[in-house]
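> Next comes coords-v9.pdb, PDB, C-alpha atoms:
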MODEL        1
ATOM      1  CA  MET A   1     -10.598 136.714-136.982
ATOM      2  CA  LEU A   2     -14.135 136.979-138.305
ATOM      3  CA  ASP A   3     -13.840 133.851-140.432
ATOM      4  CA  GLU A   4     -12.427 131.779-137.560
ATOM      5  CA  ALA A   5     -15.176 132.961-135.211
ATOM      6  CA  LEU A   6     -17.936 132.220-137.723
ATOM      7  CA  GLY A   7     -16.405 128.833-138.463
ATOM      8  CA  LEU A   8     -16.574 127.891-134.778
ATOM      9  CA  LEU A   9     -20.041 129.355-134.311
ATOM     10  CA  LEU A  10     -21.621 127.572-137.268
ATOM     11  CA  ALA A  11     -19.579 124.375-137.607
ATOM     12  CA  SER A  12     -21.956 122.054-135.751
ATOM     13  CA  TYR A  13     -24.878 123.218-137.918
ATOM     14  CA  GLU A  14     -23.153 123.372-141.285
ATOM     15  CA  ASN A  15     -22.062 119.761-140.850
ATOM     16  CA  ARG A  16     -25.752 118.821-140.905
ATOM     17  CA  ASN A  17     -26.316 120.290-144.369
ATOM     18  CA  GLY A  18     -28.670 123.032-143.285
ATOM     19  CA  PRO A  19     -31.628 123.274-140.892
ATOM     20  CA  PRO A  20     -34.589 120.890-141.066
ATOM     21  CA  PRO A  21     -37.620 122.067-143.067
ATOM     22  CA  GLY A  22     -39.486 124.902-141.355
ATOM     23  CA  VAL A  23     -36.631 125.748-138.952
ATOM     24  CA  GLN A  24     -35.097 129.209-138.946
ATOM     25  CA  ARG A  25     -32.002 129.497-136.805
ATOM     26  CA  VAL A  26     -31.526 132.512-134.539
ATOM     27  CA  TYR A  27     -28.171 134.025-133.621
ATOM     28  CA  VAL A  28     -27.311 136.902-131.297
ATOM     29  CA  ASP A  29     -24.682 139.478-132.234
ATOM     30  CA  CYS A  30     -24.058 140.887-128.766
ATOM     31  CA  THR A  31     -21.763 143.686-130.006
ATOM     32  CA  PHE A  32     -23.090 144.933-133.347
ATOM     33  CA  GLY A  33     -20.498 147.711-133.729
ATOM     34  CA  ALA A  34     -19.849 148.270-137.413
ATOM     35  CA  GLY A  35     -22.044 145.288-138.307
ATOM     36  CA  GLY A  36     -19.436 142.909-139.693
ATOM     37  CA  PHE A  37     -20.589 139.804-137.823
ATOM     38  CA  SER A  38     -24.299 140.386-138.326
ATOM     39  CA  GLU A  39     -23.855 140.923-142.034
ATOM     40  CA  ALA A  40     -21.638 137.841-142.366
ATOM     41  CA  LEU A  41     -24.158 135.693-140.480
ATOM     42  CA  LEU A  42     -27.004 136.848-142.697
ATOM     43  CA  ARG A  43     -24.962 135.957-145.781
ATOM     44  CA  ARG A  44     -23.579 132.638-144.565
ATOM     45  CA  ASP A  45     -26.862 131.232-143.202
ATOM     46  CA  SER A  46     -29.308 132.536-145.776
ATOM     47  CA  SER A  47     -32.412 131.568-143.791
ATOM     48  CA  CYS A  48     -31.338 132.667-140.308
ATOM     49  CA  ARG A  49     -32.423 135.548-138.122
ATOM     50  CA  VAL A  50     -30.027 137.737-136.157
ATOM     51  CA  VAL A  51     -30.758 139.663-132.976
ATOM     52  CA  ALA A  52     -28.247 142.535-132.875
ATOM     53  CA  LEU A  53     -27.492 144.423-129.644
ATOM     54  CA  ASP A  54     -25.422 147.515-129.011
ATOM     55  CA  ALA A  55     -25.344 150.054-126.192
ATOM     56  CA  ASP A  56     -24.046 152.692-128.594
ATOM     57  CA  ARG A  57     -26.928 154.607-130.165
ATOM     58  CA  ALA A  58     -24.978 155.247-133.381
ATOM     59  CA  ALA A  59     -24.276 151.503-133.733
ATOM     60  CA  TRP A  60     -27.948 150.747-133.124
ATOM     61  CA  GLN A  61     -28.855 153.147-135.927
ATOM     62  CA  ARG A  62     -26.422 151.314-138.208
ATOM     63  CA  ALA A  63     -28.099 148.045-137.214
ATOM     64  CA  GLN A  64     -31.495 149.498-138.102
ATOM     65  CA  ALA A  65     -30.145 150.468-141.523
ATOM     66  CA  LEU A  66     -28.878 146.926-142.094
ATOM     67  CA  ALA A  67     -32.214 145.537-140.908
ATOM     68  CA  SER A  68     -33.986 147.526-143.609
ATOM     69  CA  GLN A  69     -31.924 145.609-146.192
ATOM     70  CA  HIS A  70     -32.900 142.203-144.749
ATOM     71  CA  ALA A  71     -36.625 142.390-144.159
ATOM     72  CA  GLY A  72     -37.667 140.321-141.156
ATOM     73  CA  ARG A  73     -34.248 138.759-140.629
ATOM     74  CA  LEU A  74     -32.444 141.280-138.399
ATOM     75  CA  ILE A  75     -33.842 142.600-135.116
ATOM     76  CA  ALA A  76     -31.882 145.673-133.984
ATOM     77  CA  LEU A  77     -32.059 146.478-130.253
ATOM     78  CA  HIS A  78     -30.533 149.435-128.440
ATOM     79  CA  ALA A  79     -29.299 147.532-125.388
ATOM     80  CA  ASN A  80     -26.126 146.784-123.461
ATOM     81  CA  PHE A  81     -25.162 143.119-123.667
ATOM     82  CA  ALA A  82     -25.528 142.975-119.896
ATOM     83  CA  GLU A  83     -29.268 143.136-120.666
ATOM     84  CA  LEU A  84     -29.103 140.085-122.947
ATOM     85  CA  ALA A  85     -31.816 138.111-121.174
ATOM     86  CA  SER A  86     -34.374 140.924-121.317
ATOM     87  CA  ALA A  87     -33.340 141.752-124.897
ATOM     88  CA  LEU A  88     -34.097 138.188-125.977
ATOM     89  CA  ASP A  89     -37.430 138.374-124.178
ATOM     90  CA  THR A  90     -38.183 141.534-126.153
ATOM     91  CA  ALA A  91     -37.231 139.775-129.386
ATOM     92  CA  GLY A  92     -39.399 136.791-128.433
ATOM     93  CA  TYR A  93     -36.723 134.099-128.067
ATOM     94  CA  ARG A  94     -36.071 131.903-125.041
ATOM     95  CA  GLU A  95     -33.275 129.916-126.708
ATOM     96  CA  VAL A  96     -30.930 130.742-129.578
ATOM     97  CA  ASP A  97     -28.643 128.826-131.930
ATOM     98  CA  GLY A  98     -25.509 130.798-131.145
ATOM     99  CA  SER A  99     -24.111 134.042-129.778
ATOM    100  CA  VAL A 100     -21.030 136.021-130.755
ATOM    101  CA  TYR A 101     -19.098 138.836-129.056
ATOM    102  CA  ASP A 102     -16.528 141.069-130.744
ATOM    103  CA  LEU A 103     -15.385 143.103-127.753
ATOM    104  CA  GLY A 104     -13.516 146.394-127.699
ATOM    105  CA  LEU A 105     -14.258 149.558-129.634
ATOM    106  CA  SER A 106     -15.334 149.722-133.249
ATOM    107  CA  SER A 107     -13.625 151.934-135.813
ATOM    108  CA  PRO A 108     -16.621 154.357-135.967
ATOM    109  CA  GLN A 109     -16.441 154.844-132.183
ATOM    110  CA  LEU A 110     -12.722 155.614-132.267
ATOM    111  CA  ALA A 111     -13.177 158.021-135.170
ATOM    112  CA  ASP A 112     -16.086 159.952-133.618
ATOM    113  CA  PRO A 113     -14.650 163.284-132.370
ATOM    114  CA  ARG A 114     -17.453 163.701-129.806
ATOM    115  CA  ARG A 115     -16.884 160.535-127.790
ATOM    116  CA  GLY A 116     -13.453 160.887-126.204
ATOM    117  CA  PHE A 117     -12.390 157.279-126.793
ATOM    118  CA  ALA A 118      -9.273 158.077-128.841
ATOM    119  CA  PHE A 119      -6.215 159.837-127.455
ATOM    120  CA  SER A 120      -5.335 160.934-130.999
ATOM    121  CA  ILE A 121      -8.452 163.154-131.318
ATOM    122  CA  ASP A 122      -9.011 166.141-129.040
ATOM    123  CA  ALA A 123     -12.514 165.653-127.637
ATOM    124  CA  PRO A 124     -14.537 165.884-124.418
ATOM    125  CA  LEU A 125     -13.598 163.129-121.947
ATOM    126  CA  ASP A 126     -16.924 161.307-122.120
ATOM    127  CA  MET A 127     -16.226 157.623-122.971
ATOM    128  CA  ARG A 128     -19.772 156.404-122.252
ATOM    129  CA  LEU A 129     -20.888 153.724-124.702
ATOM    130  CA  ASP A 130     -24.413 155.092-124.408
ATOM    131  CA  ASP A 131     -23.725 158.811-124.266
ATOM    132  CA  ALA A 132     -27.426 159.555-123.754
ATOM    133  CA  GLY A 133     -27.881 157.077-120.934
ATOM    134  CA  GLY A 134     -26.624 159.126-117.994
ATOM    135  CA  GLY A 135     -23.974 158.036-115.528
ATOM    136  CA  PRO A 136     -20.529 159.498-114.838
ATOM    137  CA  THR A 137     -18.185 160.375-117.670
ATOM    138  CA  ALA A 138     -14.437 159.815-117.738
ATOM    139  CA  ALA A 139     -13.996 163.477-116.775
ATOM    140  CA  ASP A 140     -16.252 162.912-113.754
ATOM    141  CA  LEU A 141     -14.093 160.008-112.558
ATOM    142  CA  LEU A 142     -10.885 161.992-113.010
ATOM    143  CA  ALA A 143     -12.393 164.791-110.935
ATOM    144  CA  SER A 144     -13.865 162.690-108.120
ATOM    145  CA  LEU A 145     -11.610 159.688-107.466
ATOM    146  CA  SER A 146      -8.737 159.937-105.012
ATOM    147  CA  GLU A 147      -5.136 159.464-106.079
ATOM    148  CA  ALA A 148      -5.110 155.926-104.653
ATOM    149  CA  GLU A 149      -8.387 155.060-106.371
ATOM    150  CA  LEU A 150      -7.125 156.332-109.708
ATOM    151  CA  ALA A 151      -3.889 154.351-109.365
ATOM    152  CA  ASP A 152      -5.813 151.177-108.495
ATOM    153  CA  LEU A 153      -8.124 151.751-111.464
ATOM    154  CA  PHE A 154      -5.276 152.207-113.968
ATOM    155  CA  PHE A 155      -3.339 149.194-112.711
ATOM    156  CA  GLY A 156      -6.264 146.887-111.954
ATOM    157  CA  LEU A 157      -8.152 147.395-115.202
ATOM    158  CA  ALA A 158      -5.319 147.932-117.670
ATOM    159  CA  GLU A 159      -2.103 146.817-115.918
ATOM    160  CA  GLU A 160      -0.571 150.274-116.320
ATOM    161  CA  HIS A 161       2.791 150.004-114.550
ATOM    162  CA  ASN A 162       3.116 153.774-114.168
ATOM    163  CA  ALA A 163      -0.310 153.965-112.519
ATOM    164  CA  ARG A 164       0.833 155.761-109.357
ATOM    165  CA  ARG A 165       2.848 158.360-111.266
ATOM    166  CA  ILE A 166      -0.046 159.048-113.618
ATOM    167  CA  ALA A 167      -2.577 159.270-110.785
ATOM    168  CA  ARG A 168      -0.334 161.690-108.887
ATOM    169  CA  GLN A 169       0.063 163.910-111.936
ATOM    170  CA  ILE A 170      -3.702 163.939-112.586
ATOM    171  CA  VAL A 171      -4.414 165.047-109.007
ATOM    172  CA  ARG A 172      -1.788 167.802-109.205
ATOM    173  CA  ARG A 173      -3.158 169.112-112.483
ATOM    174  CA  ARG A 174      -6.816 169.025-111.467
ATOM    175  CA  GLU A 175      -6.012 171.251-108.489
ATOM    176  CA  ARG A 176      -5.154 173.947-111.033
ATOM    177  CA  SER A 177      -7.754 173.104-113.687
ATOM    178  CA  PRO A 178     -10.137 170.196-114.323
ATOM    179  CA  LEU A 179      -9.184 167.607-116.934
ATOM    180  CA  LEU A 180     -12.078 167.873-119.384
ATOM    181  CA  ARG A 181     -10.639 166.878-122.759
ATOM    182  CA  THR A 182      -8.595 164.008-124.134
ATOM    183  CA  GLY A 183      -5.670 166.338-124.698
ATOM    184  CA  ASP A 184      -5.652 167.202-120.975
ATOM    185  CA  LEU A 185      -5.356 163.533-120.037
ATOM    186  CA  VAL A 186      -2.698 162.774-122.652
ATOM    187  CA  ALA A 187      -0.612 165.700-121.369
ATOM    188  CA  ALA A 188      -0.933 164.420-117.785
ATOM    189  CA  VAL A 189       0.146 160.911-118.791
ATOM    190  CA  LEU A 190       3.139 162.106-120.817
ATOM    191  CA  SER A 191       4.337 164.410-118.040
ATOM    192  CA  ALA A 192       4.104 161.551-115.521
ATOM    193  CA  LEU A 193       6.268 159.082-117.419
ATOM    194  CA  PRO A 194       9.831 158.428-116.256
ATOM    195  CA  ALA A 195      12.697 159.216-118.605
ATOM    196  CA  GLY A 196      13.064 156.655-121.363
ATOM    197  CA  SER A 197       9.650 155.069-120.772
ATOM    198  CA  ARG A 198       8.268 156.276-124.098
ATOM    199  CA  ARG A 199      11.172 154.746-125.985
ATOM    200  CA  ARG A 200      10.722 151.379-124.243
ATOM    201  CA  HIS A 201       7.032 151.262-125.131
ATOM    202  CA  ALA A 202       7.184 152.683-128.636
ATOM    203  CA  ALA A 203       4.826 150.004-130.004
ATOM    204  CA  ILE A 204       1.806 151.572-128.292
ATOM    205  CA  HIS A 205       0.964 155.138-127.321
ATOM    206  CA  PRO A 206       1.880 155.847-123.660
ATOM    207  CA  ALA A 207      -1.727 156.853-122.867
ATOM    208  CA  THR A 208      -3.282 153.664-124.283
ATOM    209  CA  ARG A 209      -3.704 151.801-120.989
ATOM    210  CA  THR A 210      -4.922 154.855-119.092
ATOM    211  CA  PHE A 211      -7.643 155.507-121.665
ATOM    212  CA  GLN A 212      -8.538 151.813-121.703
ATOM    213  CA  ALA A 213      -8.906 151.637-117.927
ATOM    214  CA  LEU A 214     -11.099 154.741-117.802
ATOM    215  CA  ARG A 215     -13.393 153.423-120.557
ATOM    216  CA  ILE A 216     -13.772 150.074-118.804
ATOM    217  CA  ALA A 217     -14.591 151.791-115.510
ATOM    218  CA  VAL A 218     -17.061 154.285-117.014
ATOM    219  CA  ASN A 219     -19.046 151.472-118.656
ATOM    220  CA  ASP A 220     -18.522 148.702-116.059
ATOM    221  CA  GLU A 221     -17.398 146.608-119.009
ATOM    222  CA  LEU A 222     -16.044 143.629-117.088
ATOM    223  CA  GLY A 223     -19.079 143.352-114.815
ATOM    224  CA  ALA A 224     -21.392 143.688-117.805
ATOM    225  CA  LEU A 225     -19.442 140.977-119.655
ATOM    226  CA  ARG A 226     -19.702 138.534-116.731
ATOM    227  CA  ARG A 227     -23.458 139.014-116.507
ATOM    228  CA  SER A 228     -23.875 138.779-120.259
ATOM    229  CA  LEU A 229     -21.892 135.555-120.672
ATOM    230  CA  GLU A 230     -23.878 133.871-117.922
ATOM    231  CA  ALA A 231     -27.096 134.808-119.732
ATOM    232  CA  ALA A 232     -25.649 133.821-123.119
ATOM    233  CA  VAL A 233     -24.832 130.274-121.995
ATOM    234  CA  ASP A 234     -28.196 129.963-120.255
ATOM    235  CA  HIS A 235     -30.062 130.911-123.461
ATOM    236  CA  LEU A 236     -28.157 128.608-125.833
ATOM    237  CA  LYS A 237     -29.935 125.584-127.227
ATOM    238  CA  PRO A 238     -28.183 122.254-126.641
ATOM    239  CA  GLY A 239     -25.402 122.005-129.206
ATOM    240  CA  ALA A 240     -25.340 125.777-129.783
ATOM    241  CA  ARG A 241     -22.173 127.786-129.325
ATOM    242  CA  CYS A 242     -20.939 131.056-127.854
ATOM    243  CA  VAL A 243     -17.848 132.626-129.448
ATOM    244  CA  VAL A 244     -15.974 135.601-127.972
ATOM    245  CA  ILE A 245     -13.146 137.751-129.339
ATOM    246  CA  SER A 246     -11.492 139.815-126.601
ATOM    247  CA  PHE A 247      -8.769 142.443-126.866
ATOM    248  CA  HIS A 248      -7.172 142.810-123.448
ATOM    249  CA  SER A 249      -6.229 140.545-120.576
ATOM    250  CA  GLY A 250      -9.060 141.676-118.293
ATOM    251  CA  GLU A 251     -11.700 140.720-120.853
ATOM    252  CA  ASP A 252      -9.988 137.429-121.629
ATOM    253  CA  ARG A 253      -9.860 136.491-117.925
ATOM    254  CA  VAL A 254     -13.594 137.102-117.584
ATOM    255  CA  VAL A 255     -14.318 134.967-120.663
ATOM    256  CA  LYS A 256     -12.009 132.164-119.528
ATOM    257  CA  ARG A 257     -13.454 132.058-116.004
ATOM    258  CA  SER A 258     -17.046 132.221-117.248
ATOM    259  CA  PHE A 259     -16.448 129.330-119.627
ATOM    260  CA  LEU A 260     -14.674 127.284-116.941
ATOM    261  CA  ALA A 261     -17.590 127.883-114.576
ATOM    262  CA  ALA A 262     -20.056 126.638-117.202
ATOM    263  CA  ARG A 263     -17.927 123.539-117.768
ATOM    264  CA  SER A 264     -17.648 122.879-114.030
ATOM    265  CA  ALA A 265     -21.432 123.153-113.757
ATOM    266  CA  GLY A 266     -21.720 120.429-116.401
ATOM    267  CA  ILE A 267     -23.701 122.565-118.841
ATOM    268  CA  ALA A 268     -21.075 123.248-121.510
ATOM    269  CA  LYS A 269     -17.832 122.081-123.035
ATOM    270  CA  ILE A 270     -14.926 124.324-123.993
ATOM    271  CA  LEU A 271     -13.944 124.172-127.655
ATOM    272  CA  THR A 272     -10.704 126.178-127.347
ATOM    273  CA  SER A 273      -8.316 124.739-124.748
ATOM    274  CA  LYS A 274      -6.140 127.764-125.494
ATOM    275  CA  PRO A 275      -7.354 130.980-127.115
ATOM    276  CA  LEU A 276      -6.924 131.284-130.867
ATOM    277  CA  LEU A 277      -4.671 134.188-131.905
ATOM    278  CA  PRO A 278      -4.593 136.294-135.082
ATOM    279  CA  THR A 279      -2.273 135.295-137.884
ATOM    280  CA  GLU A 280       0.658 137.453-138.941
ATOM    281  CA  SER A 281      -1.225 138.482-142.074
ATOM    282  CA  GLU A 282      -4.239 139.545-139.996
ATOM    283  CA  VAL A 283      -2.031 141.697-137.772
ATOM    284  CA  ARG A 284      -0.374 143.284-140.799
ATOM    285  CA  ALA A 285      -3.787 144.078-142.289
ATOM    286  CA  ASN A 286      -5.185 145.324-138.961
ATOM    287  CA  PRO A 287      -2.547 146.178-136.312
ATOM    288  CA  ARG A 288      -5.274 146.586-133.666
ATOM    289  CA  SER A 289      -5.946 142.843-133.914
ATOM    290  CA  ARG A 290      -2.523 141.994-132.441
ATOM    291  CA  SER A 291      -3.977 141.517-128.954
ATOM    292  CA  ALA A 292      -7.107 139.609-130.017
ATOM    293  CA  LYS A 293      -7.956 136.266-128.403
ATOM    294  CA  LEU A 294     -10.787 133.987-129.500
ATOM    295  CA  ARG A 295     -12.526 131.496-127.188
ATOM    296  CA  ALA A 296     -15.578 129.311-127.796
ATOM    297  CA  ILE A 297     -17.927 127.100-125.795
ATOM    298  CA  GLU A 298     -20.738 124.700-126.695
ATOM    299  CA  LYS A 299     -23.858 123.963-124.678
ATOM    300  CA  ILE A 300     -24.010 120.300-123.729
ATOM    301  CA  GLY A 301     -26.969 118.223-124.798
ATOM    302  CA  VAL A 302     -28.539 116.472-127.700
ATOM    303  CA  VAL A 303     -30.268 118.817-130.124
ATOM    304  CA  ALA A 304     -33.948 117.863-130.293
ATOM    305  CA  LEU A 305     -34.897 118.405-133.907
ATOM    306  CA  PRO A 306     -38.520 119.481-134.442
ATOM    307  CA  GLU A 307     -40.944 117.446-136.465
ATOM    308  CA  PRO A 308     -41.163 118.439-140.148
ATOM    309  CA  GLY A 309     -43.166 121.624-140.518
ATOM    310  CA  GLU A 310     -42.811 122.576-136.839
ATOM    311  CA  ALA A 311     -41.343 126.052-136.347
ATOM    312  CA  ALA A 312     -38.371 126.506-134.021
TER     313      ALA A 312
ENDMDL
END
What would the structure in this file look like if it were written as structure tokens?

Amino acid sequence: MLDEALGLLLASYENRNGPPPGVQRVYVDCTFGAGGFSEALLRRDSSCRVVALDADRAAWQRAQALASQHAGRLIALHANFAELASALDTAGYREVDGSVYDLGLSSPQLADPRRGFAFSIDAPLDMRLDDAGGGPTAADLLASLSEAELADLFFGLAEEHNARRIARQIVRRRERSPLLRTGDLVAAVLSALPAGSRRRHAAIHPATRTFQALRIAVNDELGALRRSLEAAVDHLKPGARCVVISFHSGEDRVVKRSFLAARSAGIAKILTSKPLLPTESEVRANPRSRSAKLRAIEKIGVVALPEPGEAA
């Protein structure tokens, strides 16, 4: 959905045949990840600057590498998007010409055997986006939360319908031995499932929602997204847009409610009455995109174009 997101983000500017003389537009890639959006922005708007954020240190290092290929045009910051306002202060921008979010995990994160994000790779149950930043790991939560708290976490954050069974099995197993690796958690989930459940949900791995809920909890992803979107809308120039691709219902609810709140406050208009969904060809090319939803909003106001020669 990269092309659709970029089309929405840049449409209001591209219709004006480029920026006025002396103006260099600034966009924020709030989730640098593998760098796809930042790189596409730098190509599509050949005079723009991009501020790229990521809480993941490895992603930040990738952003620094891309910045070295685009001298002066990409500012790479090691920061969670919840810190968007302070990150823009650091970069020296009060207002920007657009912001984009591509939520969820990147392919490098899923493939990293040290992180514990993927149930298909045996690894320590860490799941922190910033693994050097402190805070509890997924293993810490599995060891410390009560059975009821675990069940509420799995159902509330990922709508896991077997949440109580899985929570009960985790508590039973940790009494014998702590759950420290992804394989330990997968085994607990599989042993908790009722007969026939795996066959009914063959499209996704049975541990998918449990892993998702733990990752969201470890990183306070929904709270961070709410704070970030509020800051993103606040820092948009009039006429600028914020575009978000989400991958599960919890994220999409936060985006929808944040955009509705901005519209109710009279500071923005919603560009997507319903979320845009991936095409069949996109899902065939990338099965993980099947749950993607794209929403966009535009800051209300008349864009005040600077006088010729005046920098933005």
> How many Å separate CA of Glu149 in chain A from CA of Ala213 in chain A?
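Calculated distance between CA of Glu149 in chain A and CA of Ala213 in chain A is 12.1 Å.
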> Would you work out the distance separating CA of Glu159 in chain A from CA of Val254 in chain A, expressed in Å to one decimal?
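Atom-to-atom, CA of Glu159 in chain A to CA of Val254 in chain A, that is 15.1 Å.
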> Please, what distance in Å, to one decimal, runs between CA of Ser106 in chain A and CA of Phe32 in chain A?
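We find that CA of Ser106 in chain A and CA of Phe32 in chain A lie 9.1 Å from each other.
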> Applying 9 Å and all atoms listed in the file, which residues near Gln212 in chain A remain after dropping the ones on its own chain fewer than 5 positions away? List them as number ranges by chain.
A: 117, 154, 157-158, 207, 217
> Convert the output of the PyMOL selection byres ((chain A and resi 147) around 8) on the shown file into explicit residues, formatted as a list in words.
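This file, filtered by the PyMOL selection byres ((chain A and resi 147) around 8), leaves Leu145, Ser146, Ala148, Glu149, Leu150, Ala151, Arg164, Ala167, Arg168 and Val171 of chain A.
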> For a quick check of understanding, using only C-alpha atoms, which of A:Arg290, A:Arg181, A:Arg44, A:Lys299 has the smallest distance to Val233 in chain A?
A:Lys299
> Do you know which residues the PyMOL selection byres ((chain A and resi 278) around 8) returns on this file, as a VMD selection string?
chain A and resid 1 276 to 277 279 to 280 282 to 283 289 to 290 292 to 293
> If we count only C-alpha atoms, what is near Asp89 in chain A at a cut-off of 12 Å, once residues fewer than 5 positions away on the same chain are taken out, given as a ChimeraX atom specification?
/A:51,77,83-84,94-96,231,235
> Residues of range 37-114 of chain A that have any atom at most 8 Å from an atom of range 130-136 of chain A: could you tabulate them with the shortest-distance atom pair and the distance in Å to one decimal, using all atoms listed in the file, ordered by chain and increasing number, as CSV?

residue,atom,partner,partner_atom,distance
A:Ala55,CA,A:Asp130,CA,5.4
A:Asp56,CA,A:Asp130,CA,4.8
A:Arg57,CA,A:Asp130,CA,6.3
> For Asn162 in chain A, which residue out of A:Arg174, A:Arg288, A:Arg209, A:Arg226 is the nearest one, using only C-alpha atoms?
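Nearest to Asn162 in chain A: A:Arg209.
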